[in-house]
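See below for protein_3.cif, which holds mmCIF, C-alpha atoms.
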```cif
data_protein
loop_
_atom_site.label_atom_id
_atom_site.label_comp_id
_atom_site.auth_asym_id
_atom_site.auth_seq_id
_atom_site.Cartn_x
_atom_site.Cartn_y
_atom_site.Cartn_z
CA MET A 1 114.97 90.08 107.25
CA GLU A 2 111.28 89.86 106.45
CA VAL A 3 110.36 91.12 103.00
CA GLU A 4 107.18 93.14 102.62
CA ARG A 5 104.97 91.63 99.96
CA VAL A 6 102.86 93.89 97.76
CA GLN A 7 99.83 91.70 98.40
CA GLU A 8 100.04 92.56 102.13
CA ILE A 9 100.79 96.24 101.47
CA ALA A 10 97.73 96.37 99.20
CA THR A 11 95.45 95.12 101.98
CA LEU A 12 96.50 98.04 104.21
CA SER A 13 96.56 100.55 101.34
CA ASN A 14 93.05 99.66 100.27
CA LEU A 15 91.86 100.27 103.82
CA ASN A 16 93.36 103.76 104.08
CA GLY A 17 93.11 104.75 100.38
CA THR A 18 96.79 105.66 99.92
CA ILE A 19 99.95 103.91 98.74
CA PRO A 20 103.50 104.13 100.16
CA SER A 21 105.64 106.78 98.43
CA GLU A 22 108.06 104.22 96.94
CA PHE A 23 105.21 103.00 94.69
CA ILE A 24 104.36 106.47 93.36
CA ARG A 25 106.05 106.83 89.98
CA LEU A 26 107.69 110.03 88.76
CA ASP A 27 105.40 112.43 86.88
CA ASN A 28 106.73 111.34 83.48
CA GLU A 29 105.91 107.68 84.27
CA GLN A 30 102.50 107.94 85.90
CA PRO A 31 99.91 106.11 83.79
CA ALA A 32 97.26 108.81 84.25
CA SER A 33 99.35 111.41 82.44
CA THR A 34 101.28 109.21 79.99
CA THR A 35 98.60 106.88 78.57
CA LEU A 36 96.86 107.86 75.35
CA HIS A 37 93.29 107.48 76.62
CA GLY A 38 90.35 106.40 74.53
CA VAL A 39 92.55 104.42 72.14
CA VAL A 40 93.14 100.69 72.52
CA LEU A 41 95.99 99.53 70.35
CA GLU A 42 94.95 97.22 67.54
CA VAL A 43 97.89 94.87 67.90
CA PRO A 44 98.05 92.33 65.04
CA VAL A 45 95.90 89.25 65.76
CA ILE A 46 97.13 86.21 63.85
CA ASP A 47 95.21 82.96 63.32
CA LEU A 48 97.78 80.18 63.71
CA SER A 49 95.42 77.59 62.22
CA GLN A 50 95.46 79.10 58.73
CA THR A 51 96.90 76.78 56.09
CA ASP A 52 98.61 79.38 53.91
CA ASN A 53 102.08 79.15 55.45
CA GLU A 54 103.55 81.92 53.29
CA SER A 55 100.88 84.34 54.48
CA LEU A 56 101.54 83.29 58.09
CA VAL A 57 105.28 83.95 57.68
CA ASP A 58 104.54 87.40 56.25
CA LEU A 59 102.08 88.34 59.00
CA ILE A 60 104.40 87.29 61.82
CA SER A 61 107.46 88.83 60.21
CA LYS A 62 105.68 92.16 59.68
CA ALA A 63 104.27 92.21 63.22
CA SER A 64 107.72 91.43 64.66
CA LYS A 65 109.36 94.23 62.67
CA ASP A 66 106.69 96.89 63.17
CA TRP A 67 105.41 96.08 66.64
CA GLY A 68 107.54 93.48 68.40
CA LEU A 69 104.19 92.16 69.63
CA PHE A 70 101.22 90.22 68.31
CA GLN A 71 98.41 88.02 69.58
CA VAL A 72 97.73 84.50 68.30
CA VAL A 73 94.38 82.71 68.21
CA ASN A 74 93.54 79.11 67.27
CA HIS A 75 96.95 78.15 68.64
CA GLY A 76 95.90 74.64 69.64
CA ILE A 77 96.09 74.97 73.45
CA PRO A 78 92.65 74.03 74.83
CA SER A 79 90.85 76.88 76.59
CA GLU A 80 90.05 74.48 79.48
CA LEU A 81 93.79 73.98 80.06
CA ILE A 82 94.40 77.74 80.08
CA SER A 83 91.55 78.11 82.60
CA LYS A 84 93.11 75.40 84.81
CA LEU A 85 96.52 77.14 84.61
CA GLN A 86 94.89 80.40 85.72
CA LYS A 87 92.90 78.69 88.48
CA VAL A 88 95.86 76.94 90.16
CA GLY A 89 98.02 80.07 89.90
CA LYS A 90 95.32 82.20 91.51
CA GLU A 91 94.81 79.60 94.25
CA PHE A 92 98.53 79.70 95.10
CA PHE A 93 98.49 83.49 95.56
CA GLU A 94 95.38 83.22 97.74
CA LEU A 95 97.13 80.87 100.21
CA PRO A 96 98.12 82.14 103.68
CA GLN A 97 101.31 84.21 103.47
CA GLU A 98 103.47 81.76 105.46
CA GLU A 99 102.62 78.98 103.01
CA LYS A 100 103.77 81.07 100.03
CA GLU A 101 107.00 82.00 101.83
CA VAL A 102 107.98 78.30 101.88
CA ILE A 103 109.02 78.63 98.22
CA ALA A 104 110.40 82.19 98.47
CA LYS A 105 113.82 82.92 96.99
CA PRO A 106 116.40 82.06 99.67
CA ASP A 107 118.58 84.85 101.12
CA GLY A 108 121.65 85.50 98.98
CA TYR A 109 120.24 83.37 96.15
CA LYS A 110 121.38 84.65 92.75
CA GLY A 111 118.78 82.95 90.53
CA VAL A 112 115.30 84.23 89.71
CA GLU A 113 113.27 81.13 90.56
CA GLY A 114 110.93 81.18 93.53
CA TYR A 115 108.26 83.40 95.06
CA GLY A 116 109.28 87.03 95.44
CA THR A 117 108.66 90.73 95.01
CA LYS A 118 111.75 92.62 93.87
CA LEU A 119 113.36 91.37 90.67
CA GLN A 120 115.91 93.88 89.46
CA LYS A 121 117.74 97.00 90.51
CA GLU A 122 115.11 99.64 91.17
CA VAL A 123 115.50 103.02 89.52
CA GLN A 124 115.20 105.94 91.99
CA GLY A 125 114.08 103.41 94.60
CA LYS A 126 110.68 103.02 92.94
CA LYS A 127 108.87 99.70 93.30
CA GLY A 128 106.42 97.81 91.11
CA TRP A 129 102.95 96.95 92.44
CA VAL A 130 103.42 93.21 91.92
CA ASP A 131 104.46 89.94 93.55
CA HIS A 132 105.64 87.05 91.40
CA LEU A 133 106.54 83.39 91.19
CA PHE A 134 109.19 82.10 88.78
CA HIS A 135 110.05 78.51 87.96
CA ILE A 136 111.34 76.57 84.95
CA VAL A 137 108.74 74.31 83.31
CA TRP A 138 110.90 72.82 80.51
CA PRO A 139 113.20 70.96 79.77
CA PRO A 140 112.84 68.37 82.57
CA SER A 141 116.62 68.40 83.19
CA SER A 142 116.42 72.08 84.21
CA ILE A 143 113.38 71.86 86.49
CA ASN A 144 113.81 72.45 90.23
CA TYR A 145 110.61 71.36 91.98
CA GLN A 146 111.77 73.09 95.16
CA PHE A 147 110.27 76.26 93.65
CA TRP A 148 106.95 74.71 92.57
CA PRO A 149 103.95 75.15 94.89
CA LYS A 150 102.76 71.96 96.65
CA ASN A 151 99.37 73.64 96.99
CA PRO A 152 96.97 73.55 95.28
CA PRO A 153 97.60 69.80 94.80
CA SER A 154 96.86 69.93 91.04
CA TYR A 155 99.43 72.73 90.48
CA ARG A 156 102.23 70.47 89.24
CA ASP A 157 100.13 68.34 86.88
CA THR A 158 98.47 71.41 85.37
CA ASN A 159 101.75 73.24 84.77
CA GLU A 160 103.42 70.16 83.30
CA GLU A 161 100.48 69.67 80.93
CA TYR A 162 100.62 73.34 79.94
CA ALA A 163 104.38 73.18 79.29
CA GLN A 164 103.89 70.16 77.03
CA SER A 165 101.20 71.95 75.04
CA LEU A 166 103.35 75.05 74.72
CA ILE A 167 106.28 73.29 73.02
CA GLY A 168 104.42 72.88 69.72
CA VAL A 169 103.31 76.53 69.72
CA ALA A 170 106.84 77.73 70.53
CA ASN A 171 108.42 75.60 67.80
CA LYS A 172 105.89 76.83 65.27
CA LEU A 173 106.48 80.49 66.17
CA LEU A 174 110.28 80.15 66.08
CA GLY A 175 110.04 78.40 62.71
CA LEU A 176 107.87 81.16 61.26
CA LEU A 177 110.21 83.85 62.65
CA SER A 178 113.14 82.01 61.08
CA LYS A 179 111.53 81.83 57.65
CA GLY A 180 110.60 85.51 57.92
CA LEU A 181 114.35 86.25 58.02
CA GLY A 182 114.93 84.15 54.90
CA LEU A 183 116.47 81.33 56.95
CA GLU A 184 115.72 77.63 57.23
CA GLU A 185 112.93 76.77 59.65
CA ASP A 186 115.15 75.57 62.50
CA GLU A 187 117.94 78.17 62.29
CA VAL A 188 116.53 80.67 64.80
CA LYS A 189 115.84 77.92 67.34
CA GLN A 190 119.37 76.52 66.93
CA ALA A 191 120.83 80.02 67.39
CA LEU A 192 119.08 80.12 70.79
CA GLY A 193 120.26 76.75 72.08
CA GLY A 194 118.06 74.27 70.16
CA GLU A 195 116.46 71.61 72.35
CA ASP A 196 118.16 73.11 75.43
CA LEU A 197 115.99 76.23 75.23
CA VAL A 198 114.66 76.93 78.73
CA TYR A 199 110.96 77.67 79.34
CA MET A 200 110.77 79.96 82.37
CA LEU A 201 107.25 80.54 83.71
CA LYS A 202 106.47 83.68 85.70
CA ILE A 203 103.17 84.36 87.40
CA ASN A 204 102.57 88.07 88.00
CA TYR A 205 100.09 88.99 90.74
CA TYR A 206 98.97 92.64 90.75
CA PRO A 207 96.58 93.22 93.68
CA PRO A 208 93.97 96.00 93.60
CA CYS A 209 95.60 99.41 94.06
CA PRO A 210 93.76 102.43 95.53
CA CYS A 211 95.80 104.85 93.37
CA PRO A 212 96.23 103.09 89.99
CA GLU A 213 96.85 106.42 88.24
CA LEU A 214 100.12 106.85 90.21
CA ALA A 215 101.57 103.33 90.24
CA LEU A 216 102.84 100.75 87.76
CA GLY A 217 102.78 96.98 88.08
CA VAL A 218 105.99 96.57 86.10
CA ALA A 219 108.07 99.53 84.92
CA PRO A 220 108.81 100.01 81.19
CA HIS A 221 111.15 97.30 79.86
CA THR A 222 111.91 94.88 77.07
CA ASP A 223 112.08 91.15 77.83
CA MET A 224 115.54 89.55 78.03
CA SER A 225 114.26 86.32 76.52
CA SER A 226 113.94 85.28 72.87
CA ILE A 227 110.15 85.30 72.80
CA THR A 228 107.58 85.50 75.57
CA ILE A 229 104.30 83.60 75.32
CA LEU A 230 101.84 85.22 77.71
CA VAL A 231 98.42 84.31 79.06
CA PRO A 232 96.66 87.32 80.66
CA ASN A 233 93.55 87.36 82.80
CA GLU A 234 90.65 89.56 81.70
CA VAL A 235 91.77 92.65 83.66
CA GLN A 236 93.30 95.32 81.38
CA GLY A 237 96.92 96.14 82.17
CA LEU A 238 99.40 95.56 79.33
CA GLN A 239 100.58 98.75 77.65
CA VAL A 240 102.92 99.15 74.68
CA PHE A 241 104.99 102.19 73.71
CA LYS A 242 104.45 103.04 70.06
CA ASP A 243 105.10 106.25 68.08
CA GLY A 244 105.84 108.21 71.25
CA ASP A 245 102.78 107.19 73.28
CA TRP A 246 101.67 104.49 75.73
CA TYR A 247 98.63 102.51 74.58
CA ASP A 248 96.46 99.85 76.20
CA VAL A 249 96.56 96.49 74.43
CA ALA A 250 93.12 94.93 73.93
CA TYR A 251 92.31 91.73 75.82
CA ILE A 252 91.17 88.90 73.53
CA PRO A 253 89.73 85.79 75.22
CA ASN A 254 91.84 82.65 74.67
CA ALA A 255 94.53 84.52 72.71
CA LEU A 256 98.21 84.21 73.59
CA ILE A 257 100.19 87.45 73.57
CA ILE A 258 103.61 87.05 71.95
CA HIS A 259 106.43 89.46 72.82
CA ILE A 260 109.59 89.62 70.75
CA GLY A 261 112.44 89.73 73.27
CA ASP A 262 116.01 91.00 73.25
CA GLN A 263 117.62 87.74 72.04
CA ILE A 264 115.49 87.65 68.86
CA GLU A 265 116.32 91.30 68.19
CA ILE A 266 120.02 90.47 68.64
CA LEU A 267 120.14 87.35 66.46
CA SER A 268 118.06 89.04 63.73
CA ASN A 269 120.59 91.91 63.85
CA GLY A 270 117.80 94.36 64.61
CA LYS A 271 115.36 93.27 61.91
CA TYR A 272 112.87 92.15 64.55
CA LYS A 273 112.19 94.56 67.41
CA SER A 274 112.05 93.77 71.11
CA VAL A 275 108.82 95.32 72.40
CA TYR A 276 108.97 98.12 75.00
CA HIS A 277 106.07 97.58 77.38
CA ARG A 278 104.82 98.12 80.93
CA THR A 279 101.92 97.10 83.15
CA THR A 280 99.26 99.19 84.83
CA VAL A 281 97.13 98.15 87.81
CA ASN A 282 93.44 98.26 88.64
CA LYS A 283 91.55 99.90 91.50
CA GLU A 284 88.99 97.13 92.09
CA LYS A 285 90.37 93.98 90.53
CA THR A 286 93.41 91.74 90.76
CA ARG A 287 95.28 91.47 87.49
CA MET A 288 97.34 88.34 86.84
CA SER A 289 99.44 87.16 83.91
CA TRP A 290 101.35 83.99 83.05
CA PRO A 291 104.29 84.76 80.73
CA VAL A 292 106.62 81.95 79.69
CA PHE A 293 110.03 83.27 78.65
CA LEU A 294 111.95 81.15 76.13
CA GLU A 295 115.54 81.62 77.22
CA PRO A 296 118.85 80.33 75.88
CA PRO A 297 120.84 78.22 78.37
CA LEU A 298 122.91 80.51 80.62
CA GLU A 299 126.26 79.45 79.12
CA PHE A 300 125.01 79.67 75.52
CA GLU A 301 126.36 82.49 73.34
CA VAL A 302 123.86 84.55 71.36
CA GLY A 303 124.78 87.05 68.67
CA PRO A 304 123.66 88.13 65.20
CA ILE A 305 123.22 85.09 62.91
CA PRO A 306 126.19 85.22 60.48
CA LYS A 307 123.93 84.84 57.39
CA LEU A 308 122.16 88.09 58.36
CA VAL A 309 125.35 90.14 58.57
CA ASN A 310 127.41 91.58 55.69
CA LYS A 311 129.57 94.60 54.90
CA ASP A 312 126.46 96.73 54.23
CA ASP A 313 124.75 95.45 57.37
CA PRO A 314 127.50 94.85 59.96
CA PRO A 315 126.73 93.33 63.40
CA LYS A 316 124.79 95.80 65.56
CA TYR A 317 125.08 93.70 68.76
CA LYS A 318 127.82 91.89 70.64
CA THR A 319 127.86 88.11 70.84
CA LYS A 320 127.83 87.10 74.50
CA LYS A 321 126.82 84.38 76.92
CA TYR A 322 123.20 84.69 77.93
CA LYS A 323 124.14 84.78 81.64
CA ASP A 324 126.34 87.85 81.01
CA TYR A 325 123.51 89.54 79.14
CA VAL A 326 121.13 88.85 82.05
CA TYR A 327 123.61 90.18 84.62
CA CYS A 328 124.04 93.46 82.74
CA LYS A 329 120.31 93.86 82.16
CA LEU A 330 119.24 93.21 85.76
CA ASN A 331 121.93 95.52 87.10
CA LYS A 332 121.23 98.28 84.56
CA LEU A 333 124.75 98.01 83.07
CA PRO A 334 125.57 98.79 79.44
CA GLN A 335 125.57 95.79 77.08
#
```

Spell out the structure here as structure tokens.
Amino acid sequence: MEVERVQEIATLSNLNGTIPSEFIRLDNEQPASTTLHGVVLEVPVIDLSQTDNESLVDLISKASKDWGLFQVVNHGIPSELISKLQKVGKEFFELPQEEKEVIAKPDGYKGVEGYGTKLQKEVQGKKGWVDHLFHIVWPPSSINYQFWPKNPPSYRDTNEEYAQSLIGVANKLLGLLSKGLGLEEDEVKQALGGEDLVYMLKINYYPPCPCPELALGVAPHTDMSSITILVPNEVQGLQVFKDGDWYDVAYIPNALIIHIGDQIEILSNGKYKSVYHRTTVNKEKTRMSWPVFLEPPLEFEVGPIPKLVNKDDPPKYKTKKYKDYVYCKLNKLPQ
């Protein structure tokens, strides 16, 4: 059965100025009526190059408790490498459709890797205005190159170089998060699977939409991962829910956007908050983003770290295998 891709639907929609009904969100979800306009959220921006480590721990800990989201600058990943990552990703999505379908998720395939459109159970049959590509970029033992584009030819080298450069940033962030909980530097990382932590890249492609006030790129959600390290393009689209309203998050050139995900909320026993966010789309421009989700291995059990639990602060979350958590989340089942 041929799957309709949003990129193709967008071409027709932009010609006739309407979108199919399954992309029109319910009134209480439509960005036009639910966004607090005229206010761009001043999400904490943290300079990772500062030498005062105690101050860095405090800033990241506070942002993770109050917001579940922050942006980092001077993170050490060269801006030229980020530009190359964006260029090869964009070139893949601009290939002829049949070439992209070569790495589509196979029929009946239960994993998330590959090119695709639908990701999880859709609520009220509503669809997101987005196509995507998922594949693991680290560790090498988990990589399946079947799901990596062969075109453009520099795609693989660029993504491998980016993954290498991301490891240092990820380790630094996890260490700072750990110390912010009063733990040793490596305890949070170990509670997520240590060196077996999986780096899952997703490229989101949101084509221009003739009715951006009615549609969403991705519906409101929290990330299943531990943390998400995201590169956006310059087109506004990320929104965060805070104090009862949806706000746009400012774009900062060369910053990485860091989301606290469900697994960090769980292991911190709720001290850090998984950020509730969604994505809007643009009438004239294509929005793209490159999140990398740091995920525990599927068989690894995650639960509140024992040191953070006591009789006054009992466990607020179940300890379970990551694969069981994912299954419940994607199928909208209680955890």

| Which residues match the PyMOL selection byres ((chain A and resi 180) around 8) in the file above, as a list in words? |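 Expected selection for the PyMOL selection byres ((chain A and resi 180) around 8) here is Val57, Asp58, Ile60, Ser61, Leu176, Leu177, Ser178, Lys179, Leu181, Gly182 and Leu183 of chain A.
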
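With all atoms listed in the file as the atoms that count, the minimum distance from A:Lys126 to the choices A:Glu284, A:Glu94, A:Glu234, A:Glu22 is reached by A:Glu22.
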
message = For a quick check of understanding, using all atoms listed in the file, which of A:Tyr322, A:Tyr276, A:Trp129, A:Trp67 has the smallest distance to A:Asp223?
response =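 For A:Asp223, the nearest of the given residues is A:Tyr276.
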
*asked:* I need the residue nearest A:Gln97 from this list: A:Asp196, A:Asp27, A:Glu8, A:Asp47. Use only C-alpha atoms for the distance.
replied: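 Smallest distance to A:Gln97 is found for A:Glu8.
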
Take the point (117.1, 81.3, 77.7) in the file's coordinates, draw a sphere of radius 9 Å around it, and report as an mmCIF file with C-alpha atoms, in the frame of the given file every protein, DNA or RNA residue with an atom inside or on it, counting all atoms listed in the file.
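part_14.cif was written with the following content:
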```cif
data_model
loop_
_atom_site.group_PDB
_atom_site.id
_atom_site.type_symbol
_atom_site.label_atom_id
_atom_site.label_comp_id
_atom_site.auth_asym_id
_atom_site.auth_seq_id
_atom_site.Cartn_x
_atom_site.Cartn_y
_atom_site.Cartn_z
ATOM 1 C CA LEU A 192 119.080 80.120 70.790
ATOM 2 C CA GLY A 193 120.260 76.750 72.080
ATOM 3 C CA ASP A 196 118.160 73.110 75.430
ATOM 4 C CA LEU A 197 115.990 76.230 75.230
ATOM 5 C CA VAL A 198 114.660 76.930 78.730
ATOM 6 C CA TYR A 199 110.960 77.670 79.340
ATOM 7 C CA MET A 200 110.770 79.960 82.370
ATOM 8 C CA MET A 224 115.540 89.550 78.030
ATOM 9 C CA SER A 225 114.260 86.320 76.520
ATOM 10 C CA SER A 226 113.940 85.280 72.870
ATOM 11 C CA GLN A 263 117.620 87.740 72.040
ATOM 12 C CA PHE A 293 110.030 83.270 78.650
ATOM 13 C CA LEU A 294 111.950 81.150 76.130
ATOM 14 C CA GLU A 295 115.540 81.620 77.220
ATOM 15 C CA PRO A 296 118.850 80.330 75.880
ATOM 16 C CA PRO A 297 120.840 78.220 78.370
ATOM 17 C CA LEU A 298 122.910 80.510 80.620
ATOM 18 C CA PHE A 300 125.010 79.670 75.520
ATOM 19 C CA TYR A 322 123.200 84.690 77.930
ATOM 20 C CA LYS A 323 124.140 84.780 81.640
#
```

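Counting only C-alpha atoms and comparing A:Tyr327, A:Tyr162, A:Trp138, A:Phe93, the residue that lies closest to A:Thr286 is A:Phe93.
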
Worksheet entry | From A:Leu15, A:Leu238, A:Ile305, A:Ile203, residue lying nearest A:Thr280 [only C-alpha atoms] |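 That would be A:Leu238, the residue with the smallest distance to A:Thr280.
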
Here's the selection I'm unsure about, the PyMOL selection byres ((chain A and resi 78) around 12); applied to the file above, which residues does it give, as a list in words?
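Output from the PyMOL selection byres ((chain A and resi 78) around 12), applied to this file: Val73, Asn74, His75, Gly76, Ile77, Ser79, Glu80, Leu81, Ile82, Ser83, Lys84, Leu85, Glu161, Tyr162, Ser165, Leu166, Asn254, Ala255 and Leu256 of chain A.
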
* Using all atoms listed in the file, which of A:Val39, A:Leu201, A:Ala170, A:Ala63 sits nearest A:Phe134? ->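 Going through A:Val39, A:Leu201, A:Ala170, A:Ala63 one by one, the smallest distance to A:Phe134 is for A:Leu201.
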
List the neighbours of A:Gln164 out to 10 Å using only C-alpha atoms; skip same-chain residues closer than 3 positions along the sequence, and give me the result as a compact mmCIF listing (two decimals) with C-alpha atoms, keeping the file's coordinate frame.
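And here is the file that came out, part.txt:
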```txt
# COMPACT_ATOMS: atom_id res chain seq x y z
CA ILE A 77 96.09 74.97 73.45
CA VAL A 137 108.74 74.31 83.31
CA TRP A 138 110.90 72.82 80.51
CA PRO A 139 113.20 70.96 79.77
CA ASN A 159 101.75 73.24 84.77
CA GLU A 160 103.42 70.16 83.30
CA GLU A 161 100.48 69.67 80.93
CA ILE A 167 106.28 73.29 73.02
CA GLY A 168 104.42 72.88 69.72
CA VAL A 169 103.31 76.53 69.72
```

Atom CA of A:Gly17 sits from atom CA of A:Gln239 at a separation of 24.7 Å

For this session: Using the chain letters and numbering of this document, enumerate as a PyMOL selection string the residues selected by the PyMOL selection byres ((chain A and resi 70) around 12).
Result: chain A and resi 41-48+59-69+71-73+173+227-230+240+249-252+255-260+273-275

Selection to disk with C-alpha atoms, as a PDB file, keeping the file's coordinate frame:
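result.pdb written:
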```
ATOM      1  CA  LEU A  41      95.990  99.530  70.350  1.00  0.00           C
ATOM      2  CA  GLU A  42      94.950  97.220  67.540  1.00  0.00           C
ATOM      3  CA  VAL A  43      97.890  94.870  67.900  1.00  0.00           C
ATOM      4  CA  PRO A  44      98.050  92.330  65.040  1.00  0.00           C
ATOM      5  CA  VAL A  45      95.900  89.250  65.760  1.00  0.00           C
ATOM      6  CA  ILE A  46      97.130  86.210  63.850  1.00  0.00           C
ATOM      7  CA  ASP A  47      95.210  82.960  63.320  1.00  0.00           C
ATOM      8  CA  LEU A  48      97.780  80.180  63.710  1.00  0.00           C
ATOM      9  CA  LEU A  59     102.080  88.340  59.000  1.00  0.00           C
ATOM     10  CA  ILE A  60     104.400  87.290  61.820  1.00  0.00           C
ATOM     11  CA  SER A  61     107.460  88.830  60.210  1.00  0.00           C
ATOM     12  CA  LYS A  62     105.680  92.160  59.680  1.00  0.00           C
ATOM     13  CA  ALA A  63     104.270  92.210  63.220  1.00  0.00           C
ATOM     14  CA  SER A  64     107.720  91.430  64.660  1.00  0.00           C
ATOM     15  CA  LYS A  65     109.360  94.230  62.670  1.00  0.00           C
ATOM     16  CA  ASP A  66     106.690  96.890  63.170  1.00  0.00           C
ATOM     17  CA  TRP A  67     105.410  96.080  66.640  1.00  0.00           C
ATOM     18  CA  GLY A  68     107.540  93.480  68.400  1.00  0.00           C
ATOM     19  CA  LEU A  69     104.190  92.160  69.630  1.00  0.00           C
ATOM     20  CA  GLN A  71      98.410  88.020  69.580  1.00  0.00           C
ATOM     21  CA  VAL A  72      97.730  84.500  68.300  1.00  0.00           C
ATOM     22  CA  VAL A  73      94.380  82.710  68.210  1.00  0.00           C
ATOM     23  CA  LEU A 173     106.480  80.490  66.170  1.00  0.00           C
ATOM     24  CA  ILE A 227     110.150  85.300  72.800  1.00  0.00           C
ATOM     25  CA  THR A 228     107.580  85.500  75.570  1.00  0.00           C
ATOM     26  CA  ILE A 229     104.300  83.600  75.320  1.00  0.00           C
ATOM     27  CA  LEU A 230     101.840  85.220  77.710  1.00  0.00           C
ATOM     28  CA  VAL A 240     102.920  99.150  74.680  1.00  0.00           C
ATOM     29  CA  VAL A 249      96.560  96.490  74.430  1.00  0.00           C
ATOM     30  CA  ALA A 250      93.120  94.930  73.930  1.00  0.00           C
ATOM     31  CA  TYR A 251      92.310  91.730  75.820  1.00  0.00           C
ATOM     32  CA  ILE A 252      91.170  88.900  73.530  1.00  0.00           C
ATOM     33  CA  ALA A 255      94.530  84.520  72.710  1.00  0.00           C
ATOM     34  CA  LEU A 256      98.210  84.210  73.590  1.00  0.00           C
ATOM     35  CA  ILE A 257     100.190  87.450  73.570  1.00  0.00           C
ATOM     36  CA  ILE A 258     103.610  87.050  71.950  1.00  0.00           C
ATOM     37  CA  HIS A 259     106.430  89.460  72.820  1.00  0.00           C
ATOM     38  CA  ILE A 260     109.590  89.620  70.750  1.00  0.00           C
ATOM     39  CA  LYS A 273     112.190  94.560  67.410  1.00  0.00           C
ATOM     40  CA  SER A 274     112.050  93.770  71.110  1.00  0.00           C
ATOM     41  CA  VAL A 275     108.820  95.320  72.400  1.00  0.00           C
TER      42      VAL A 275
END
```
